[in-house]
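*Asks:* Have a look at the structure that comes next, please.
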Amino acid sequence: MIVVLSGGVGAARLLRVLRRMAPDEEIVAVVNVGDDLVLHGLTICPDLDTIAYTLAGLSNEETGWGRRDESWRVMEELTSLGGASWFGLGDRDLATHLYRSQRLAEGATKTVVTAELVERWGVPVRLLPVSDDPVRTRFSTAIGPLSFQEYFVRHHHDVTVSAVDVEGADLAHPTPDVVRALHEARRVVIAPSNPVISIGPLLAVRGVHELVAARRADVVAVSPLIGGRALKGPADRLLRELGFGGGHAAVAGAYEGLLGRLVIDESDAAEAPALRAQGLDVTVCPTLMGDPDRDARLAAAVLE
Ligand code: FO1
């Protein structure tokens with residue numbers, strides 16, 4: 001089994017790449033739920049949905065979130081009523097949140113609802129929310145405390161962050177499926193997601209950091225930075241603001257005690273000697289996904 005610790009877009013793309021080299025039934029994504037929110041009375045799980053839509057071929061590839069062939073009639077109507085319109089929910093996407101919210105109200109767990117959705121959409125790999133308990137990533141910022149989506153979407157992750165807190169993480173338990181997967185995996189892959197606000201909250205769930213640390217020799221992380229910058233989102237900015245510094249050394253710092261190996265982009269090969277001097281095993285290969293040959297090299301490097 002290959003377990004992939006996952007945020008949203010970067011993880012979805014890596015999972016797509018890994019499917020080239022490993023059978024679907026061996027791939028399990030353990031997914032962050034710290035971005036989840038309740039809005040308009042609906043439970044929305046952005047990272048789970050982004051991965052599921054991407055692997056089912058239903059995603060909007062331009063935005064990286066939401067559905068392709070989307071329409072916005074409900075949102076237009078809601079906006080005209082004065083409802084919250086800063087978080088875009090398309091009509092097709094809304095059906096997912098309606099279904100999930102109803103099933104949760106009936107007493108189903110997030111794990112069960114995810115399995116139901118994944119089966120209906122034909123998602124080829126297993127998706128496991130890291131926990132069925134409430135976990136909420138929150139930010140202390142220059143303009144006051146913000147929820148994850150207020151920071152990320154409403155303020156376009158363009159405010160200075162002084163601290164990230166994962167509310168509920170110390171009380172939340174990883175699901176039994178997650179614990180089993182982390183014990184049994186032959187490889188634990190950390191996706192090129194944001195180390196601070198996507199993977200950090202997942203690791204903050206009680207016992208998960210310890211479970212991953214116990215598998216250190218089999219843990220390989222793909223750095224989300226290329227040329228010191230995140231392709232999308234605020235990973236580089238947050239690593240600096242929270243004191244980890246810059247470059248792949250900052251990513252390694254955020255994952256201290258967890259990494260058996262770090263995969264960095266070929267354009268950053270010059271950083272490898274310093275990382276190796278710190279005792280880190282480093283693989284240099286293309287990490288920008290989207291080209292079949294480069295993707296095959298990345299999959300091979302992760303699974304080698
Ligand atoms: N991201 C945006 O930048 N703007 C949006 O309006 C937005 C809506 C949205 C709706 C459902 C969903 O599952 C995701 C959505 N995202 C949106 C993406 C998302 O919230 C973030 O990219 C992630 O949480 C970060 O991984």
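Letters A, B, ... go to the chains of the structure tokens in the order shown; residues in each chain start at 1; ligands are counted from 1 in the same order.
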Can you write out as CSV which residues of region 166-243 of chain A fall within 12 Å of region 278-286 of chain A, alongside each residue's closest atom pair and its distance in Å to one decimal, counting only C-alpha atoms and ordering rows by chain and ascending residue number?
*Replies:*
residue,atom,partner,partner_atom,distance
A:Arg216,CA,A:Asp281,CA,11.6
A:Ala217,CA,A:Asp281,CA,10.3
A:Asp218,CA,A:Asp281,CA,11.6
A:Val219,CA,A:Asp281,CA,10.8
A:Val220,CA,A:Asp281,CA,9.3
A:Ala221,CA,A:Val282,CA,9.7
A:Val222,CA,A:Thr283,CA,9.4
A:Ser223,CA,A:Val284,CA,10.5
A:Pro224,CA,A:Pro286,CA,11.6
A:Leu225,CA,A:Pro286,CA,11.5
A:Ile226,CA,A:Pro286,CA,9.6
*Asks:* Can you tell me which residues surround Asp24 (chain A) at a distance of at most 6 Å, considering only C-alpha atoms, apart from same-chain residues fewer than 3 positions away, and format the answer as a PDB file with N, CA and C atoms, in the first residue's frame?
*Replies:*
ATOM      1  N   ILE A  27      -3.248   2.350  -3.818  1.00  0.00           N
ATOM      2  CA  ILE A  27      -3.059   3.773  -3.493  1.00  0.00           C
ATOM      3  C   ILE A  27      -4.157   4.257  -2.538  1.00  0.00           C
ATOM      4  N   PRO A 124     -10.910   6.086  -8.690  1.00  0.00           N
ATOM      5  CA  PRO A 124     -10.245   4.783  -8.701  1.00  0.00           C
ATOM      6  C   PRO A 124      -9.413   4.440  -7.463  1.00  0.00           C
ATOM      7  N   VAL A 125      -9.121   5.409  -6.592  1.00  0.00           N
ATOM      8  CA  VAL A 125      -8.286   5.097  -5.417  1.00  0.00           C
ATOM      9  C   VAL A 125      -9.077   5.398  -4.141  1.00  0.00           C
TER      10      VAL A 125
END
*Asks:* At a cut-off of 10 Å around ligand 1, and using only C-alpha atoms and all ligand atoms, what residues come up? Please write them as a compact mmCIF listing (two decimals) with N, CA, C and O atoms, in the first residue's frame.
*Replies:*
# COMPACT_ATOMS: atom_id res chain seq x y z
N SER A 6 -2.29 14.08 2.02
CA SER A 6 -2.77 14.94 0.94
C SER A 6 -3.47 16.21 1.40
O SER A 6 -4.31 16.17 2.30
N GLY A 7 -3.14 17.33 0.71
CA GLY A 7 -3.96 18.53 0.75
C GLY A 7 -4.87 18.47 -0.47
O GLY A 7 -5.43 17.40 -0.77
N GLY A 8 -4.96 19.60 -1.21
CA GLY A 8 -5.88 19.64 -2.35
C GLY A 8 -5.22 19.43 -3.71
O GLY A 8 -4.82 18.31 -4.05
N VAL A 9 -5.05 20.53 -4.45
CA VAL A 9 -4.64 20.44 -5.86
C VAL A 9 -3.33 19.68 -6.10
O VAL A 9 -3.27 18.79 -6.94
N GLY A 10 -2.28 20.03 -5.35
CA GLY A 10 -0.97 19.39 -5.56
C GLY A 10 -1.06 17.90 -5.32
O GLY A 10 -0.46 17.09 -6.05
N ALA A 11 -1.82 17.52 -4.29
CA ALA A 11 -1.98 16.10 -3.98
C ALA A 11 -2.78 15.39 -5.07
O ALA A 11 -2.43 14.28 -5.48
N ASN A 32 -6.40 15.91 4.38
CA ASN A 32 -6.60 16.99 5.35
C ASN A 32 -8.08 17.40 5.41
O ASN A 32 -8.75 17.49 4.38
N VAL A 33 -8.57 17.65 6.63
CA VAL A 33 -9.94 18.16 6.78
C VAL A 33 -9.95 19.52 7.50
O VAL A 33 -11.01 20.02 7.85
N GLY A 34 -8.75 20.09 7.70
CA GLY A 34 -8.67 21.37 8.41
C GLY A 34 -9.25 22.54 7.63
O GLY A 34 -9.56 23.59 8.20
N ASP A 35 -9.41 22.39 6.29
CA ASP A 35 -10.00 23.45 5.46
C ASP A 35 -11.53 23.39 5.46
O ASP A 35 -12.18 24.26 4.88
N ASP A 36 -12.08 22.31 6.04
CA ASP A 36 -13.53 22.10 5.93
C ASP A 36 -14.29 23.24 6.60
O ASP A 36 -13.81 23.84 7.57
N LEU A 37 -15.46 23.51 6.08
CA LEU A 37 -16.27 24.60 6.64
C LEU A 37 -17.75 24.27 6.55
O LEU A 37 -18.14 23.38 5.78
N ILE A 44 -18.76 21.53 3.79
CA ILE A 44 -17.97 21.55 2.55
C ILE A 44 -16.57 21.07 2.90
O ILE A 44 -15.97 21.51 3.88
N CYS A 45 -16.05 20.12 2.11
CA CYS A 45 -14.73 19.52 2.37
C CYS A 45 -13.85 19.75 1.14
O CYS A 45 -13.72 18.86 0.28
N PRO A 46 -13.22 20.93 1.03
CA PRO A 46 -12.53 21.30 -0.21
C PRO A 46 -11.44 20.30 -0.65
O PRO A 46 -11.36 19.97 -1.84
N ASP A 47 -10.60 19.83 0.28
CA ASP A 47 -9.50 18.97 -0.16
C ASP A 47 -10.02 17.61 -0.63
O ASP A 47 -9.59 17.09 -1.67
N LEU A 48 -10.97 17.03 0.12
CA LEU A 48 -11.55 15.74 -0.32
C LEU A 48 -12.21 15.90 -1.69
O LEU A 48 -12.02 15.06 -2.59
N ASP A 49 -12.96 16.99 -1.86
CA ASP A 49 -13.68 17.16 -3.13
C ASP A 49 -12.74 17.45 -4.29
O ASP A 49 -12.93 16.94 -5.40
N THR A 50 -11.70 18.26 -4.04
CA THR A 50 -10.75 18.56 -5.11
C THR A 50 -10.09 17.28 -5.62
O THR A 50 -9.95 17.06 -6.83
N ILE A 51 -9.70 16.41 -4.69
CA ILE A 51 -9.05 15.16 -5.09
C ILE A 51 -10.04 14.25 -5.83
O ILE A 51 -9.73 13.70 -6.89
N TYR A 53 -12.88 15.02 -7.41
CA TYR A 53 -13.26 15.55 -8.73
C TYR A 53 -12.12 15.35 -9.74
O TYR A 53 -12.34 14.99 -10.89
N THR A 63 -9.32 26.43 -12.41
CA THR A 63 -9.31 26.95 -11.04
C THR A 63 -8.57 26.00 -10.11
O THR A 63 -7.99 26.42 -9.12
N GLY A 64 -8.63 24.69 -10.39
CA GLY A 64 -8.06 23.70 -9.47
C GLY A 64 -9.08 23.27 -8.44
O GLY A 64 -8.86 22.31 -7.71
N TRP A 65 -10.20 23.95 -8.32
CA TRP A 65 -11.25 23.56 -7.38
C TRP A 65 -12.60 23.61 -8.11
O TRP A 65 -12.73 24.23 -9.16
N GLY A 66 -13.57 22.91 -7.55
CA GLY A 66 -14.92 22.91 -8.13
C GLY A 66 -15.03 22.02 -9.35
O GLY A 66 -14.08 21.32 -9.73
N ARG A 67 -16.22 22.05 -9.97
CA ARG A 67 -16.54 21.15 -11.08
C ARG A 67 -16.32 21.81 -12.43
O ARG A 67 -16.46 23.02 -12.58
N SER A 85 -21.41 35.52 -0.57
CA SER A 85 -21.07 35.18 -1.96
C SER A 85 -19.56 35.12 -2.19
O SER A 85 -19.11 34.88 -3.30
N TRP A 86 -18.76 35.30 -1.13
CA TRP A 86 -17.31 35.33 -1.32
C TRP A 86 -16.75 33.93 -1.56
O TRP A 86 -15.64 33.79 -2.08
N PHE A 87 -17.49 32.89 -1.20
CA PHE A 87 -17.01 31.52 -1.42
C PHE A 87 -17.89 30.91 -2.50
O PHE A 87 -19.08 30.65 -2.29
N GLY A 88 -17.30 30.70 -3.68
CA GLY A 88 -18.08 30.32 -4.86
C GLY A 88 -18.52 28.86 -4.83
O GLY A 88 -17.68 27.96 -4.81
N LEU A 89 -19.82 28.64 -4.86
CA LEU A 89 -20.33 27.26 -4.90
C LEU A 89 -21.20 27.10 -6.14
O LEU A 89 -22.30 27.66 -6.22
N GLY A 90 -20.67 26.37 -7.12
CA GLY A 90 -21.40 26.13 -8.35
C GLY A 90 -22.55 25.16 -8.12
O GLY A 90 -22.61 24.47 -7.09
N ASP A 93 -21.46 21.46 -7.87
CA ASP A 93 -20.70 21.30 -6.64
C ASP A 93 -21.65 21.31 -5.44
O ASP A 93 -21.48 20.52 -4.49
N LEU A 94 -22.67 22.18 -5.50
CA LEU A 94 -23.62 22.27 -4.39
C LEU A 94 -24.30 20.92 -4.12
O LEU A 94 -24.59 20.58 -2.96
N THR A 96 -23.01 18.06 -4.21
CA THR A 96 -22.10 17.28 -3.35
C THR A 96 -22.29 17.69 -1.88
O THR A 96 -22.39 16.83 -1.00
N HIS A 97 -22.36 19.00 -1.64
CA HIS A 97 -22.46 19.48 -0.26
C HIS A 97 -23.84 19.18 0.33
O HIS A 97 -23.95 18.91 1.52
N PHE A 148 -9.92 29.30 8.07
CA PHE A 148 -9.10 28.95 6.91
C PHE A 148 -9.60 29.63 5.63
O PHE A 148 -8.84 30.27 4.90
N GLN A 149 -10.87 29.46 5.34
CA GLN A 149 -11.37 29.97 4.05
C GLN A 149 -11.49 31.48 4.03
O GLN A 149 -11.38 32.09 2.97
N GLU A 150 -11.68 32.11 5.21
CA GLU A 150 -11.64 33.58 5.23
C GLU A 150 -10.24 34.04 4.83
O GLU A 150 -10.09 34.96 4.04
N TYR A 151 -9.21 33.38 5.40
CA TYR A 151 -7.83 33.74 5.04
C TYR A 151 -7.57 33.45 3.56
O TYR A 151 -7.11 34.30 2.81
N PHE A 152 -7.91 32.23 3.15
CA PHE A 152 -7.47 31.75 1.83
C PHE A 152 -8.26 32.37 0.68
O PHE A 152 -7.70 32.83 -0.30
N VAL A 153 -9.57 32.38 0.83
CA VAL A 153 -10.42 32.82 -0.29
C VAL A 153 -10.85 34.29 -0.11
O VAL A 153 -10.64 35.12 -0.99
N ARG A 154 -11.43 34.60 1.05
CA ARG A 154 -11.96 35.96 1.24
C ARG A 154 -10.86 37.01 1.18
O ARG A 154 -11.03 38.08 0.60
N HIS A 155 -9.71 36.71 1.79
CA HIS A 155 -8.60 37.67 1.81
C HIS A 155 -7.46 37.26 0.86
O HIS A 155 -6.36 37.80 0.94
N HIS A 156 -7.75 36.30 -0.03
CA HIS A 156 -6.80 35.89 -1.08
C HIS A 156 -5.42 35.58 -0.51
O HIS A 156 -4.41 35.94 -1.12
N HIS A 157 -5.35 34.96 0.66
CA HIS A 157 -4.10 34.68 1.39
C HIS A 157 -3.08 35.81 1.25
O HIS A 157 -1.90 35.61 1.05
N SER A 193 1.85 19.47 -1.20
CA SER A 193 0.83 20.39 -0.68
C SER A 193 1.51 21.36 0.26
O SER A 193 2.70 21.21 0.55
N ASN A 194 0.76 22.32 0.76
CA ASN A 194 1.34 23.32 1.66
C ASN A 194 1.73 22.66 2.99
O ASN A 194 0.86 22.14 3.70
N ILE A 197 -0.20 24.62 6.12
CA ILE A 197 -1.66 24.71 6.29
C ILE A 197 -2.44 23.56 5.66
O ILE A 197 -3.65 23.50 5.80
N SER A 198 -1.77 22.65 4.96
CA SER A 198 -2.47 21.46 4.44
C SER A 198 -1.98 20.20 5.14
O SER A 198 -2.77 19.44 5.68
N LYS A 232 1.23 27.47 -6.70
CA LYS A 232 -0.09 28.04 -6.43
C LYS A 232 -0.20 28.18 -4.92
O LYS A 232 0.30 27.33 -4.20
N GLY A 233 -0.79 29.23 -4.45
CA GLY A 233 -1.01 29.36 -3.01
C GLY A 233 0.18 29.93 -2.27
O GLY A 233 1.23 30.24 -2.86
N PRO A 234 0.05 30.07 -0.94
CA PRO A 234 1.00 30.84 -0.14
C PRO A 234 2.06 30.02 0.59
O PRO A 234 2.57 30.47 1.61
*Asks:* Do a neighbour search on Leu211 (chain A) at 10 Å with only C-alpha atoms, toss out local chain neighbours closer than 6 positions, and write the hits as a PyMOL selection string.
*Replies:* chain A and resi 178-179+182-183+203+258
*Asks:* Go ahead and save the picked residues with N, CA, C and O atoms, as a CSV table (one decimal), in the first residue's frame.
*Replies:*
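The resulting file, out-v4.csv, is shown below:
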chain,number,residue,atom,x,y,z
A,178,VAL,N,-7.2,5.0,8.8
A,178,VAL,CA,-6.0,5.8,8.7
A,178,VAL,C,-4.9,5.2,9.5
A,178,VAL,O,-3.7,5.0,9.0
A,179,VAL,N,-5.2,4.8,10.7
A,179,VAL,CA,-4.1,4.2,11.5
A,179,VAL,C,-3.6,2.9,10.9
A,179,VAL,O,-2.4,2.7,10.8
A,182,LEU,N,-1.4,3.7,7.8
A,182,LEU,CA,-0.1,4.2,8.1
A,182,LEU,C,0.8,3.1,8.7
A,182,LEU,O,2.0,3.1,8.5
A,183,HIS,N,0.2,2.1,9.4
A,183,HIS,CA,1.0,1.0,9.9
A,183,HIS,C,1.4,0.1,8.7
A,183,HIS,O,2.5,-0.4,8.7
A,203,LEU,N,-1.1,16.4,10.2
A,203,LEU,CA,-0.2,15.8,11.2
A,203,LEU,C,-0.5,16.1,12.6
A,203,LEU,O,-0.1,15.4,13.5
A,258,LEU,N,10.5,13.6,10.3
A,258,LEU,CA,9.6,12.7,9.6
A,258,LEU,C,10.1,12.2,8.3
A,258,LEU,O,9.6,11.2,7.8
*Asks:* CA of Val118 (chain A) to CA of Tyr99 (chain A): how many Å, to one decimal?
*Replies:*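 Separation between CA of Val118 (chain A) and CA of Tyr99 (chain A): 12.5 Å.
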